[in-house]
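Q: So I've got this file, structure.cif, and it contains mmCIF, C-alpha atoms:
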data_model
#
loop_
_atom_site.label_atom_id
_atom_site.label_comp_id
_atom_site.auth_asym_id
_atom_site.auth_seq_id
_atom_site.Cartn_x
_atom_site.Cartn_y
_atom_site.Cartn_z
CA MET A 793 11.32 97.15 210.99
CA LEU A 794 7.82 98.44 210.29
CA GLU A 795 8.50 98.88 206.57
CA GLU A 796 8.95 95.13 206.19
CA ASN A 797 5.36 94.71 207.37
CA LEU A 798 4.00 96.49 204.30
CA SER A 799 3.80 94.83 200.89
CA GLY A 800 5.05 96.68 197.81
CA ASN A 801 1.46 97.34 196.78
CA GLN A 802 0.59 98.76 200.19
CA THR A 803 3.62 101.08 200.14
CA HIS A 804 2.71 102.24 196.63
CA LEU A 805 -0.91 102.86 197.68
CA LEU A 806 0.23 104.76 200.78
CA LYS A 807 2.39 107.11 198.68
CA ILE A 808 -0.47 107.79 196.27
CA VAL A 809 -2.99 108.38 199.07
CA ALA A 810 -0.58 110.65 200.98
CA GLY A 811 0.16 112.57 197.78
CA HIS A 812 -3.54 113.16 197.08
CA ALA A 813 -4.12 114.23 200.66
CA SER A 814 -1.25 116.74 200.48
CA GLU A 815 -2.66 118.17 197.24
CA ASP A 816 -6.14 118.52 198.76
CA ALA A 817 -4.70 120.13 201.89
CA THR A 818 -2.62 122.51 199.77
CA GLU A 819 -5.66 123.54 197.74
CA MET A 820 -7.51 124.35 200.94
CA PHE A 821 -4.47 126.16 202.33
CA SER A 822 -4.36 128.34 199.17
CA LYS A 823 -8.03 129.22 199.57
CA TRP A 824 -7.57 130.01 203.26
CA LEU A 825 -4.54 132.24 202.63
CA ARG A 826 -6.05 133.63 199.40
CA GLN A 827 -2.61 133.15 197.91
CA PRO A 828 -1.28 130.36 195.68
CA VAL A 829 0.64 127.72 197.65
CA HIS A 830 2.48 124.78 196.10
CA ILE A 831 3.93 121.53 197.40
CA LYS A 832 7.59 120.93 196.79
CA MET A 833 8.22 117.64 198.44
CA ASP A 834 6.21 114.82 199.82
CA ARG A 835 8.17 112.31 201.90
CA VAL A 836 6.77 109.00 203.01
CA GLU A 837 9.42 107.17 205.01
CA PHE A 838 9.83 104.80 207.91
CA MET A 839 12.33 106.24 210.38
CA PRO A 840 13.55 105.33 213.85
CA PHE A 841 12.52 107.99 216.39
CA GLU A 842 16.13 109.11 216.78
CA THR A 843 16.42 109.77 213.03
CA VAL A 844 13.29 111.94 213.05
CA CYS A 845 14.72 113.83 216.04
CA ALA A 846 18.13 114.25 214.37
CA MET A 847 16.38 116.04 211.50
CA MET A 848 14.88 118.50 213.98
CA GLU A 849 18.27 119.13 215.59
CA THR A 850 19.31 121.30 212.63
CA ARG A 851 16.61 123.80 213.63
CA GLU A 852 18.14 125.86 216.42
CA GLU A 853 15.53 128.62 216.62
CA ASN A 854 12.33 128.35 218.63
CA ALA A 855 9.30 127.05 216.80
CA ILE A 856 5.55 126.96 216.99
CA GLY A 857 3.88 123.59 216.65
CA VAL A 858 0.15 123.10 216.23
CA LEU A 859 -0.89 119.49 216.61
CA MET A 860 -4.07 117.53 216.36
CA SER A 861 -4.36 113.99 217.64
CA ILE A 862 -6.49 111.53 215.69
CA ASP A 863 -8.17 109.11 218.06
CA LYS A 864 -10.63 107.44 215.74
CA GLY A 865 -10.10 105.83 212.33
CA ILE A 866 -6.40 106.02 211.53
CA GLU A 867 -4.89 106.94 214.90
CA GLY A 868 -1.92 109.25 215.05
CA MET A 869 -0.92 112.89 214.98
CA LEU A 870 -0.97 115.80 212.58
CA LEU A 871 1.74 118.37 213.31
CA PHE A 872 2.19 121.80 211.75
CA LEU A 873 5.63 123.16 212.57
CA PHE A 874 6.38 126.82 211.90
CA SER A 875 9.48 128.88 212.54
CA GLU A 876 8.53 131.90 214.66
CA ASP A 877 9.12 134.22 211.70
CA MET A 878 6.94 132.13 209.42
CA ALA A 879 4.13 131.94 211.97
CA PHE A 880 4.17 135.72 212.37
CA LYS A 881 4.25 136.19 208.58
CA MET A 882 1.29 133.86 208.16
CA ILE A 883 -0.68 135.72 210.82
CA ASP A 884 0.03 138.98 208.99
CA LEU A 885 -1.20 137.43 205.72
CA LEU A 886 -4.36 136.09 207.35
CA THR A 887 -5.18 139.31 209.18
CA LYS A 888 -4.28 141.47 206.16
CA GLN A 889 -1.59 143.35 208.01
CA LYS A 890 1.74 144.53 206.63
CA ILE A 891 4.31 141.71 206.83
CA GLY A 892 6.42 142.30 209.93
CA THR A 893 3.56 143.65 212.05
CA THR A 894 3.06 140.59 214.27
CA SER A 895 5.85 140.05 216.79
CA GLU A 896 4.28 138.04 219.59
CA LEU A 897 1.65 135.38 220.22
CA GLY A 898 -1.55 136.65 221.82
CA ASP A 899 -4.99 135.07 221.80
CA LEU A 900 -5.83 136.35 218.30
CA GLU A 901 -2.54 135.10 216.87
CA ARG A 902 -2.93 131.69 218.50
CA SER A 903 -6.45 131.46 217.21
CA ALA A 904 -5.31 132.25 213.64
CA LEU A 905 -2.69 129.50 213.71
CA ASN A 906 -5.04 126.99 215.33
CA GLU A 907 -7.69 127.72 212.72
CA THR A 908 -5.13 127.30 209.91
CA ALA A 909 -4.18 123.90 211.29
CA ASN A 910 -7.81 122.94 211.70
CA ILE A 911 -8.74 123.84 208.12
CA VAL A 912 -5.67 122.36 206.43
CA GLY A 913 -5.59 119.32 208.71
CA CYS A 914 -9.25 118.51 208.18
CA ALA A 915 -8.79 118.83 204.39
CA TYR A 916 -5.97 116.28 204.66
CA LEU A 917 -8.08 113.90 206.75
CA ASN A 918 -11.11 114.28 204.48
CA SER A 919 -8.93 113.26 201.57
CA LEU A 920 -7.78 110.17 203.48
CA LYS A 921 -11.43 109.41 204.20
CA LYS A 922 -12.25 109.51 200.49
CA SER A 923 -9.26 107.37 199.50
CA LEU A 924 -9.37 104.79 202.27
CA SER A 925 -13.03 104.88 203.32
CA VAL A 926 -12.18 105.60 206.92
CA GLU A 927 -13.50 108.35 209.16
CA CYS A 928 -10.63 110.14 210.91
CA ILE A 929 -11.74 112.44 213.72
CA PRO A 930 -9.16 114.92 214.99
CA SER A 931 -8.94 116.66 218.36
CA THR A 932 -9.09 120.42 218.59
CA PRO A 933 -5.69 121.95 217.75
CA ILE A 934 -3.12 122.35 220.53
CA LEU A 935 -0.47 125.06 220.11
CA ILE A 936 3.01 124.61 221.56
CA HIS A 937 5.69 127.32 221.50
CA ASP A 938 8.97 125.60 222.25
CA MET A 939 12.18 124.10 220.85
CA PRO A 940 11.47 122.14 217.63
CA LEU A 941 13.11 119.03 219.01
CA ALA A 942 11.05 119.20 222.21
CA ILE A 943 7.85 119.53 220.16
CA MET A 944 8.73 116.51 218.01
CA ASN A 945 9.76 114.63 221.15
CA ALA A 946 6.30 115.18 222.66
CA VAL A 947 4.56 114.10 219.44
CA LEU A 948 6.59 110.90 219.05
CA MET A 949 5.99 110.11 222.70
CA GLU A 950 2.37 109.49 221.76
CA GLN A 951 3.54 106.58 219.60
CA ALA A 952 6.23 105.22 221.89
CA ALA A 953 3.94 102.70 223.55
CA PHE A 954 3.15 101.09 220.18
CA GLN A 955 6.34 101.26 218.12
CA ASP A 956 10.06 102.19 218.05
CA GLU A 957 9.98 103.93 214.71
CA SER A 958 7.71 106.32 212.94
CA LEU A 959 5.95 106.33 209.61
CA PHE A 960 6.93 109.87 208.70
CA ILE A 961 4.83 111.67 206.09
CA ASN A 962 6.14 115.17 205.52
CA THR A 963 5.02 117.92 203.14
CA GLU A 964 6.86 121.19 202.49
CA PHE A 965 5.12 124.21 201.03
CA PHE A 966 6.22 126.93 198.64
CA HIS A 967 4.64 130.30 198.17
CA ASP A 968 5.54 133.19 195.89
CA GLY A 969 8.61 131.34 194.58
CA GLY A 970 10.10 130.78 198.04
CA LYS A 971 9.99 127.98 200.54
CA LEU A 972 7.66 128.57 203.44
CA ASP A 973 9.42 127.73 206.69
CA PHE A 974 6.47 125.61 207.62
CA GLN A 975 6.22 121.86 207.53
CA PHE A 976 3.32 119.52 207.84
CA PHE A 977 3.72 116.04 209.31
CA PHE A 978 1.31 113.14 209.44
CA LEU A 979 2.51 110.54 211.95
CA PRO A 980 0.04 107.64 212.00
CA VAL A 981 0.11 104.75 214.42
CA PHE A 982 1.32 102.06 212.05
CA GLU A 983 -1.09 99.24 212.86
CA SER A 984 -4.15 101.48 212.55
CA LEU A 985 -3.03 102.57 209.07
CA LYS A 986 -1.89 99.18 207.83
CA GLU A 987 -5.29 97.57 208.17
CA ARG A 988 -6.75 100.31 205.94
CA LEU A 989 -4.24 99.70 203.14
CA GLY A 990 -5.73 96.33 202.27
CA MET B 682 28.78 118.76 221.21
CA LYS B 683 27.34 115.27 220.87
CA THR B 684 23.56 114.95 221.12
CA LEU B 685 21.55 112.00 222.38
CA TYR B 686 18.01 111.46 221.08
CA MET B 687 15.01 109.51 222.36
CA SER B 688 15.88 106.11 223.83
CA GLN B 689 19.61 106.68 223.49
CA MET B 690 22.25 106.41 226.23
CA GLY B 691 25.86 107.48 226.42
CA THR B 692 28.79 108.32 228.65
CA VAL B 693 31.06 111.35 228.60
CA ARG B 694 34.26 112.28 230.38
CA PRO B 695 35.07 115.96 230.90
CA PRO B 696 36.10 118.14 229.13
CA ASP B 697 33.77 116.59 226.52
CA SER B 698 30.08 117.52 226.71
CA LEU B 699 26.77 115.83 225.95
CA ARG B 700 23.20 117.08 225.55
CA THR B 701 19.65 115.95 224.92
CA THR B 702 16.30 117.70 224.42
CA LEU B 703 13.30 116.54 226.41
CA GLY B 704 9.55 116.92 226.29
CA SER B 705 7.65 114.44 228.45
CA CYS B 706 10.65 112.08 228.37
CA ILE B 707 13.15 112.09 231.23
CA GLY B 708 16.88 112.71 231.04
CA ILE B 709 18.77 110.77 233.72
CA VAL B 710 22.28 112.00 234.44
CA LEU B 711 24.47 109.67 236.50
CA TYR B 712 27.84 110.82 237.81
CA ASP B 713 30.45 108.46 239.22
CA LYS B 714 32.33 110.46 241.84
CA LYS B 715 35.24 107.99 241.83
CA THR B 716 35.93 107.85 238.09
CA LYS B 717 34.57 111.34 237.22
CA LEU B 718 32.52 109.79 234.42
CA PHE B 719 29.05 111.07 233.44
CA GLY B 720 26.30 108.91 231.95
CA LEU B 721 23.12 110.14 230.29
CA ALA B 722 19.96 108.24 229.35
CA HIS B 723 16.94 109.70 227.52
CA ILE B 724 14.08 107.44 228.56
CA MET B 725 10.58 107.55 227.05
CA LEU B 726 8.46 105.16 229.10
CA PRO B 727 8.39 103.96 232.70
CA ASP B 728 8.31 100.19 232.35
CA SER B 729 9.64 97.71 229.78
CA ASN B 730 7.20 95.02 230.94
CA GLY B 731 9.85 92.43 230.21
CA SER B 732 10.75 93.67 226.73
CA ASN B 733 14.50 93.42 226.22
CA GLY B 734 14.77 95.12 222.85
CA ASN B 735 15.42 98.83 223.27
CA LEU B 736 17.06 99.15 226.70
CA GLY B 737 17.37 102.93 226.61
CA LYS B 738 13.66 103.44 226.04
CA TYR B 739 12.46 102.41 229.50
CA ALA B 740 13.34 103.64 232.99
CA ASP B 741 13.68 100.13 234.44
CA THR B 742 16.10 98.90 231.77
CA ALA B 743 18.02 102.13 231.07
CA VAL B 744 19.35 102.60 234.61
CA PRO B 745 21.07 99.18 234.92
CA GLU B 746 22.32 99.39 231.33
CA LEU B 747 23.80 102.84 231.90
CA LEU B 748 25.52 101.65 235.10
CA LYS B 749 26.94 98.77 233.04
CA GLN B 750 28.21 101.16 230.38
CA MET B 751 29.78 103.29 233.11
CA GLU B 752 31.37 100.11 234.55
CA VAL B 753 29.98 100.70 238.04
CA PRO B 754 29.73 97.40 239.95
CA GLU B 755 26.88 96.91 242.42
CA TYR B 756 29.07 97.47 245.48
CA ARG B 757 29.93 100.97 244.19
CA HIS B 758 26.39 102.23 243.47
CA SER B 759 26.72 104.57 246.45
CA ASP B 760 29.53 106.37 244.59
CA VAL B 761 27.01 107.44 241.96
CA ILE B 762 24.70 110.46 242.17
CA ALA B 763 21.82 111.31 239.84
CA LYS B 764 20.25 114.44 238.41
CA ILE B 765 17.00 114.20 236.46
CA ALA B 766 15.02 116.55 234.23
CA GLY B 767 11.98 116.39 231.92
CA GLY B 768 8.53 114.89 232.32
CA ALA B 769 6.74 117.98 230.99
CA ASN B 770 3.11 117.94 229.92
CA MET B 771 3.70 119.91 226.74
CA PHE B 772 0.11 119.59 225.50
CA GLY B 773 -1.36 121.47 228.43
CA LYS B 774 -3.87 120.47 231.06
CA ASN B 775 -6.87 120.26 228.78
CA SER B 776 -5.63 117.73 226.27
CA ASN B 777 -6.41 114.03 226.41
CA THR B 778 -3.11 112.90 224.94
CA GLN B 779 -0.98 110.12 226.41
CA SER B 780 1.84 112.39 227.50
CA ILE B 781 -0.09 113.91 230.41
CA GLN B 782 0.00 110.68 232.35
CA ILE B 783 3.23 109.35 230.90
CA GLY B 784 5.23 112.38 232.03
CA LYS B 785 4.07 111.84 235.62
CA GLN B 786 4.58 108.08 235.43
CA ASN B 787 8.08 108.56 234.04
CA ILE B 788 9.04 110.85 236.93
CA GLU B 789 7.76 108.38 239.54
CA ALA B 790 9.36 105.40 237.80
CA VAL B 791 12.77 107.06 237.57
CA ARG B 792 12.68 108.05 241.26
CA SER B 793 11.70 104.52 242.22
CA ILE B 794 14.29 102.76 240.03
CA LEU B 795 17.11 104.99 241.25
CA ALA B 796 16.05 104.30 244.86
CA ASP B 797 16.13 100.56 244.11
CA TYR B 798 19.74 100.95 242.96
CA ARG B 799 20.58 103.08 246.03
CA ILE B 800 21.44 106.08 243.86
CA ALA B 801 20.60 109.47 245.37
CA ILE B 802 18.87 112.10 243.25
CA VAL B 803 20.72 115.26 244.25
CA SER B 804 18.81 117.59 241.97
CA GLU B 805 15.78 117.50 239.69
CA ASP B 806 13.85 119.80 237.38
CA VAL B 807 10.68 117.97 236.33
CA GLY B 808 7.08 118.59 235.31
CA GLY B 809 5.66 121.85 234.01
CA GLU B 810 4.57 122.46 230.43
CA LYS B 811 7.83 123.43 228.71
CA GLY B 812 10.45 121.32 226.98
CA ARG B 813 14.00 121.27 228.27
CA GLN B 814 17.47 120.98 226.85
CA LEU B 815 19.67 119.09 229.31
CA VAL B 816 23.42 119.70 228.93
CA ILE B 817 26.35 117.97 230.62
CA ASP B 818 28.93 120.74 230.26
CA GLY B 819 32.29 119.01 230.47
CA SER B 820 34.23 122.29 230.50
CA ASN B 821 33.24 122.88 234.12
CA GLU B 822 31.66 119.51 234.99
CA SER B 823 28.22 121.07 235.46
CA VAL B 824 24.74 120.02 234.40
CA LEU B 825 22.53 122.73 232.90
CA VAL B 826 18.88 123.00 231.91
CA ASN B 827 17.75 125.40 229.16
CA GLN B 828 14.12 126.32 228.53
CA ILE B 829 12.79 128.87 226.06
CA GLY B 830 12.28 132.26 227.61
CA ASP B 831 14.48 131.45 230.63
CA THR B 832 18.17 131.81 231.33
CA PRO B 833 20.06 128.49 231.60
CA LYS B 834 20.07 127.16 235.13
CA ALA B 835 22.39 124.76 236.92
CA LEU B 836 20.83 121.47 237.90
#
Using structure tokens, write down the structure from this file.
A:
Amino acid sequence: MLEENLSGNQTHLLKIVAGHASEDATEMFSKWLRQPVHIKMDRVEFMPFETVCAMMETREENAIGVLMSIDKGIEGMLLFLFSEDMAFKMIDLLTKQKIGTTSELGDLERSALNETANIVGCAYLNSLKKSLSVECIPSTPILIHDMPLAIMNAVLMEQAAFQDESLFINTEFFHDGGKLDFQFFFLPVFESLKERLG
Amino acid sequence: MKTLYMSQMGTVRPPDSLRTTLGSCIGIVLYDKKTKLFGLAHIMLPDSNGSNGNLGKYADTAVPELLKQMEVPEYRHSDVIAKIAGGANMFGKNSNTQSIQIGKQNIEAVRSILADYRIAIVSEDVGGEKGRQLVIDGSNESVLVNQIGDTPKAL
């Protein structure tokens, strides 16, 4: 079990660092949307791949995932997972259209979601850089429109060569009193993170 | 309907059903024509390189383990047929992620391992850029593939 490879102090530090990073990302997300956004929950857990996938199984509708791989510093993946409805709502907010206007993904819509991921994701990584003194350089965002479980499957596949379970860092966002059907995941390669936790 | 996730394996006898959702992983369906039993493995990587921990994770360990679970002795391997699906490159051609190569390697490894066990692949739906839901539908003993935007198709 990966969790047994972290000391109590390292686990505590990880939760604090992840919490700060989520707050910094949320602040940037609020600025980008020009609307107040809040974090409800921050989960930092070690989970076998099948447990992560079982959580996705409850989402039957199609989803839009925007992911960024981190190949330098702390290796891993950032994943933004939107329901279709939420993605369309966010595009309407960003493009100042009436909610309900967007109904399909064209180049402009893809660009808006990719840019959201880029801005929020980089705010998260910059926070990690400040806390852990490590430069994390992400790839350009990649957008996938597919079944949520297939998207998570592809993301976890990137870690399969290194480990059988995932360090799962998940943030949920709230806006205007309601939960945004949008989740943010940071899935680091364990060994590359562990060495940064002292 | 029971669902299998990454690295998991299972057997099912009609009328019960079984499903799994695949990205660049491969779903291997084995069907024993004599006993009418289906087996399903959701493999992630082509080669265990001698690791004996998670048998369902690798093509080279999942196939013999699934045959064992289906209680198919070596002399009856010719009674078994296979259908495979998955191996998509979900990140697109321009990304530099692992899954581009792994999807292809998984497809080749599964074909090779099944050939080693003298099991014929009677149908396959592999590659592309979309995920797949693979369903063993025990109500009519069929195997189906669902992809978003497409109607379900028989494998």
Q: Evaluate the PyMOL selection byres ((chain B) within 10 of (chain A)) and record the selected residues as a ChimeraX atom specification, following the chain and residue labels used in the document.
A: /B:684-689,701-706,725-726,729,734-735,738,768-773,775-780,783-784,810-814,828-830
Q: So how far away is atom CA of B:Ala801 from atom CA of B:Glu822, in Å?
A: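 Atom CA of B:Ala801 lies at a distance of 18.2 Å from atom CA of B:Glu822.
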Q: Determine the residue membership of the PyMOL selection byres ((chain B and resi 824) around 9) for the file above and supply it as a list in words.
A: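 What the PyMOL selection byres ((chain B and resi 824) around 9) grabs from the file is Val710, Lys764, Leu815, Val816, Ile817, Asp818, Gly819, Asn821, Glu822, Ser823, Leu825, Val826, Lys834, Ala835 and Leu836 of chain B.
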Q: Box for stretch 939-952 of chain A - axis-aligned, 4 Å on each of the six sides, all listed atoms - centre and size in Å to one decimal, as lines of an AutoDock Vina configuration file.
A:
center_x = 7.7
center_y = 114.7
center_z = 220.2
size_x = 18.7
size_y = 26.9
size_z = 13.1
Q: Give me the result of the PyMOL selection byres ((chain B and resi 711) around 8) on this file, residue by residue, as a PyMOL selection string.
A: chain B and resi 709-710+712-713+719-721+761-764
Q: Mind checking which residues fall within 8 Å of A:Ile883, counting only C-alpha atoms, ignoring those fewer than 3 positions away in the same chain, and posting them as an MDAnalysis selection string?
A: chainID A and resid 879:880 886:887 894 901 904:905
Q: Would you export the selected residues with C-alpha atoms as a compact mmCIF listing (two decimals), keeping the file's coordinate frame, please?
A:
# COMPACT_ATOMS: atom_id res chain seq x y z
CA ALA A 879 4.13 131.94 211.97
CA PHE A 880 4.17 135.72 212.37
CA LEU A 886 -4.36 136.09 207.35
CA THR A 887 -5.18 139.31 209.18
CA THR A 894 3.06 140.59 214.27
CA GLU A 901 -2.54 135.10 216.87
CA ALA A 904 -5.31 132.25 213.64
CA LEU A 905 -2.69 129.50 213.71
